[in-house]
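Visitor: One structure follows; several queries about it will come next.
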Amino acid sequence: MEVMAEDNKPKPDRRPPSARLTRRALVLVAAGAVLAAIATFVVAGFQGADGGDDSAGAGISTTGAVAGEAFGTATAGDCLTWSALDASDLAKVDCAETHLFEVVADIDLSLYPGTEWGPGSRFPSVTRFTELRDEQCAPAAMDYLDGRFDPHGKFSIGLINPGEAGWAAGERTLRCGLQFSSTTGNLLPIKGRVADQDQSRAWDVGVCIGINNGVPADPVECSKPHAFEVVAVVDLGGQFPGGLPSIEDQDGYLEETCTRLVNEYLGAPEALRNKTLTLFWDNLDYDSWLAGSRKVNCSIGKQVEGGGFSSITGSAKGDILIDGQPPVPPPPVPEGRSLPTPLPGAVPLPGS
């Protein structure tokens, strides 16, 4: 339902609880599973995979190079990039330049006892490399960042293995590192060292997040079908300079702040209602706060009953289509009306 302002004018539709989707849900969705609309760390929760439970092997890269110089000499603090699908053109670059991977540790498997890593051993499966990433790379990343890694933030933990050709040539060293993974697991460019950056997974204002079967995907041009549009970045550190604020306190501040910012973004307080869109925002949990993350997004989209999103085409600053049709503004609220008129297709707030 809508919420009425004290001056009897309708406020834009705002309902963070019904938009709560976990990043874990998006990992499953990226593999073709069904969206799970459940309440967890993130209100909007469209930040993409954290690489924690990842049987599909996202976060595992394979180089086609056979003991190439860049791969063979990369160590903690080096930044790597490539353009070939098999990373056969992997190269070291200055971390101030655009890159895809920041090395946090090199793991020499030949030093481990057993025949699994010995001469002539079989090239490990994706599942095995995923286990090695979780066992070896996750703690290495925490050490590299002095314990200030945001497991729900912008960066995820990755691993580069030497590839079958390198393995056959006797290369047994793995490179653990940090990377910026999109919702579907594609790597996005990084500039600067991770330790020097805010790890908040907050998209820039004006970014539109694509849609795949009702589920948020990777950033796209707003002229293409998308799930939602980012209208603001809010730094919670200014309002809450001390410890982690409760979800209730975050929501109380973000409801007022995001409402003001979306009205500024769209140019009029009635624009969101007339476009039948919903305003929602992210929350931060203890792990993110401890890592220094402070920024969250205010975004707008159109939820569908049961979870997921309608497909929107065009920026909400102009004309849009929702599932291929222009939105039909709800009727105006009669003067003096005390009860709100529900938006068409809106998901009610819990308890309403």
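Chain labels run A, B, ... following the order of the structure tokens; each chain numbers its residues from 1, and ligands are numbered from 1 in the order shown.
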Tell me which protein, DNA and RNA residues are within 6 Å of Arg175 in chain A, counting only C-alpha atoms, leaving out same-chain ones fewer than 2 positions away, and put them as an MDAnalysis selection string.

Guide: chainID A and resid 106 159:160

Visitor: Pull the strand (DSSP E) assignments for range 87-223 of chain A out of DSSP run on the backbone, and list those residues as a PyMOL selection string.

Guide: chain A and resi 91-93+101-108+156-161+173-181+187-188+208-212+215-220

Visitor: Could you write those residues out with N, CA and C atoms, as a compact mmCIF listing (two decimals), in the first residue's frame?

Guide:
```
# COMPACT_ATOMS: atom_id res chain seq x y z
N ALA A 91 49.06 -10.82 -18.03
CA ALA A 91 50.20 -9.92 -17.88
C ALA A 91 50.11 -9.17 -16.57
N LYS A 92 51.26 -8.80 -16.03
CA LYS A 92 51.30 -7.94 -14.85
C LYS A 92 51.13 -6.49 -15.28
N VAL A 93 50.39 -5.72 -14.47
CA VAL A 93 50.24 -4.29 -14.72
C VAL A 93 50.37 -3.55 -13.40
N PHE A 101 42.62 -8.73 -11.46
CA PHE A 101 42.98 -9.65 -10.38
C PHE A 101 44.13 -9.06 -9.58
N GLU A 102 43.97 -9.02 -8.25
CA GLU A 102 45.05 -8.59 -7.36
C GLU A 102 45.50 -9.79 -6.54
N VAL A 103 46.73 -10.22 -6.72
CA VAL A 103 47.23 -11.42 -6.07
C VAL A 103 47.41 -11.18 -4.57
N VAL A 104 46.90 -12.13 -3.77
CA VAL A 104 47.08 -12.04 -2.31
C VAL A 104 48.03 -13.12 -1.81
N ALA A 105 48.24 -14.17 -2.60
CA ALA A 105 49.15 -15.24 -2.18
C ALA A 105 49.40 -16.16 -3.37
N ASP A 106 50.58 -16.78 -3.37
CA ASP A 106 50.84 -17.86 -4.33
C ASP A 106 50.99 -19.15 -3.53
N ILE A 107 50.29 -20.19 -3.94
CA ILE A 107 50.24 -21.46 -3.22
C ILE A 107 50.94 -22.52 -4.06
N ASP A 108 52.05 -23.06 -3.56
CA ASP A 108 52.81 -24.08 -4.27
C ASP A 108 52.33 -25.46 -3.80
N SER A 156 35.40 -10.17 -4.53
CA SER A 156 35.28 -11.58 -4.19
C SER A 156 36.65 -12.23 -4.28
N ILE A 157 36.75 -13.42 -3.73
CA ILE A 157 38.01 -14.15 -3.71
C ILE A 157 38.07 -15.08 -4.91
N GLY A 158 39.18 -15.03 -5.63
CA GLY A 158 39.34 -15.85 -6.81
C GLY A 158 40.63 -16.65 -6.78
N LEU A 159 40.77 -17.52 -7.76
CA LEU A 159 41.95 -18.37 -7.88
C LEU A 159 42.27 -18.53 -9.35
N ILE A 160 43.53 -18.46 -9.70
CA ILE A 160 43.98 -18.75 -11.06
C ILE A 160 44.84 -20.00 -11.00
N ASN A 161 44.47 -21.02 -11.77
CA ASN A 161 45.29 -22.23 -11.83
C ASN A 161 46.09 -22.23 -13.13
N THR A 173 51.79 -24.26 -9.02
CA THR A 173 51.52 -23.08 -8.21
C THR A 173 50.19 -22.44 -8.60
N LEU A 174 49.40 -22.08 -7.60
CA LEU A 174 48.14 -21.39 -7.78
C LEU A 174 48.30 -19.94 -7.34
N ARG A 175 47.52 -19.06 -7.94
CA ARG A 175 47.50 -17.66 -7.51
C ARG A 175 46.14 -17.35 -6.91
N CYS A 176 46.14 -16.98 -5.63
CA CYS A 176 44.92 -16.53 -4.96
C CYS A 176 44.84 -15.02 -5.10
N GLY A 177 43.64 -14.51 -5.26
CA GLY A 177 43.54 -13.07 -5.41
C GLY A 177 42.15 -12.52 -5.17
N LEU A 178 42.03 -11.22 -5.32
CA LEU A 178 40.77 -10.50 -5.17
C LEU A 178 40.34 -10.00 -6.54
N GLN A 179 39.05 -10.05 -6.78
CA GLN A 179 38.50 -9.65 -8.07
C GLN A 179 37.13 -9.02 -7.85
N PHE A 180 36.65 -8.35 -8.86
CA PHE A 180 35.34 -7.70 -8.82
C PHE A 180 34.43 -8.51 -9.71
N SER A 181 33.60 -9.35 -9.10
CA SER A 181 32.73 -10.24 -9.86
C SER A 181 31.34 -9.65 -10.00
N LEU A 187 33.98 -11.03 -14.67
CA LEU A 187 34.89 -10.14 -13.97
C LEU A 187 34.79 -8.73 -14.52
N LEU A 188 34.72 -7.78 -13.61
CA LEU A 188 34.65 -6.36 -13.96
C LEU A 188 35.99 -5.70 -13.61
N CYS A 208 22.00 0.92 -14.51
CA CYS A 208 20.85 0.03 -14.58
C CYS A 208 21.34 -1.41 -14.53
N ILE A 209 20.71 -2.22 -13.71
CA ILE A 209 21.10 -3.61 -13.54
C ILE A 209 20.17 -4.48 -14.37
N GLY A 210 20.77 -5.25 -15.27
CA GLY A 210 20.00 -6.05 -16.21
C GLY A 210 19.11 -7.08 -15.55
N ILE A 211 18.36 -7.79 -16.36
CA ILE A 211 17.39 -8.74 -15.83
C ILE A 211 17.44 -10.02 -16.64
N ASN A 212 17.30 -11.13 -15.95
CA ASN A 212 17.27 -12.45 -16.58
C ASN A 212 16.20 -13.28 -15.90
N VAL A 215 15.17 -11.86 -12.63
CA VAL A 215 16.22 -11.77 -11.62
C VAL A 215 17.27 -10.76 -12.06
N PRO A 216 17.77 -9.92 -11.14
CA PRO A 216 18.82 -8.97 -11.49
C PRO A 216 20.06 -9.67 -12.04
N ALA A 217 20.66 -9.06 -13.06
CA ALA A 217 21.83 -9.64 -13.72
C ALA A 217 22.97 -8.63 -13.67
N ASP A 218 23.67 -8.45 -14.79
CA ASP A 218 24.81 -7.54 -14.85
C ASP A 218 24.38 -6.15 -15.30
N PRO A 219 25.21 -5.12 -15.04
CA PRO A 219 24.87 -3.77 -15.49
C PRO A 219 24.70 -3.71 -17.01
N VAL A 220 23.71 -2.94 -17.45
CA VAL A 220 23.43 -2.75 -18.87
C VAL A 220 23.10 -1.28 -19.10
```

Visitor: Here is a test: counting only C-alpha atoms, which residue of A:Gly206, A:Gly114, A:Gly120, A:Pro139 is nearest to Glu164 in chain A?

Guide: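 Going through A:Gly206, A:Gly114, A:Gly120, A:Pro139 one by one, the smallest distance to Glu164 in chain A is for A:Gly120.
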
Visitor: Which residues of range 274-338 of chain A come within 12 Å of range 197-205 of chain A, and for each one, what is the closest pair of atoms and their distance in Å to one decimal, counting only C-alpha atoms, sorted by chain and residue number, as CSV?

Guide:
```
residue,atom,partner,partner_atom,distance
A:Trp281,CA,A:Ala202,CA,10.5
A:Asp282,CA,A:Ala202,CA,8.9
A:Asn283,CA,A:Ser200,CA,10.8
A:Leu284,CA,A:Ser200,CA,9.0
A:Asp285,CA,A:Ser200,CA,11.3
A:Asp287,CA,A:Ser200,CA,11.3
A:Ser288,CA,A:Ser200,CA,7.7
A:Trp289,CA,A:Ser200,CA,9.2
A:Leu290,CA,A:Gln199,CA,11.0
A:Ala291,CA,A:Gln199,CA,7.7
A:Gly292,CA,A:Asp198,CA,6.8
A:Ser293,CA,A:Ser200,CA,4.7
A:Arg294,CA,A:Ser200,CA,6.3
A:Lys295,CA,A:Ser200,CA,5.6
A:Val296,CA,A:Ala202,CA,5.4
A:Asn297,CA,A:Ala202,CA,5.6
A:Cys298,CA,A:Val205,CA,8.9
A:Ser299,CA,A:Val205,CA,9.0
A:Ile300,CA,A:Val205,CA,11.4
A:Ser315,CA,A:Val205,CA,11.7
```
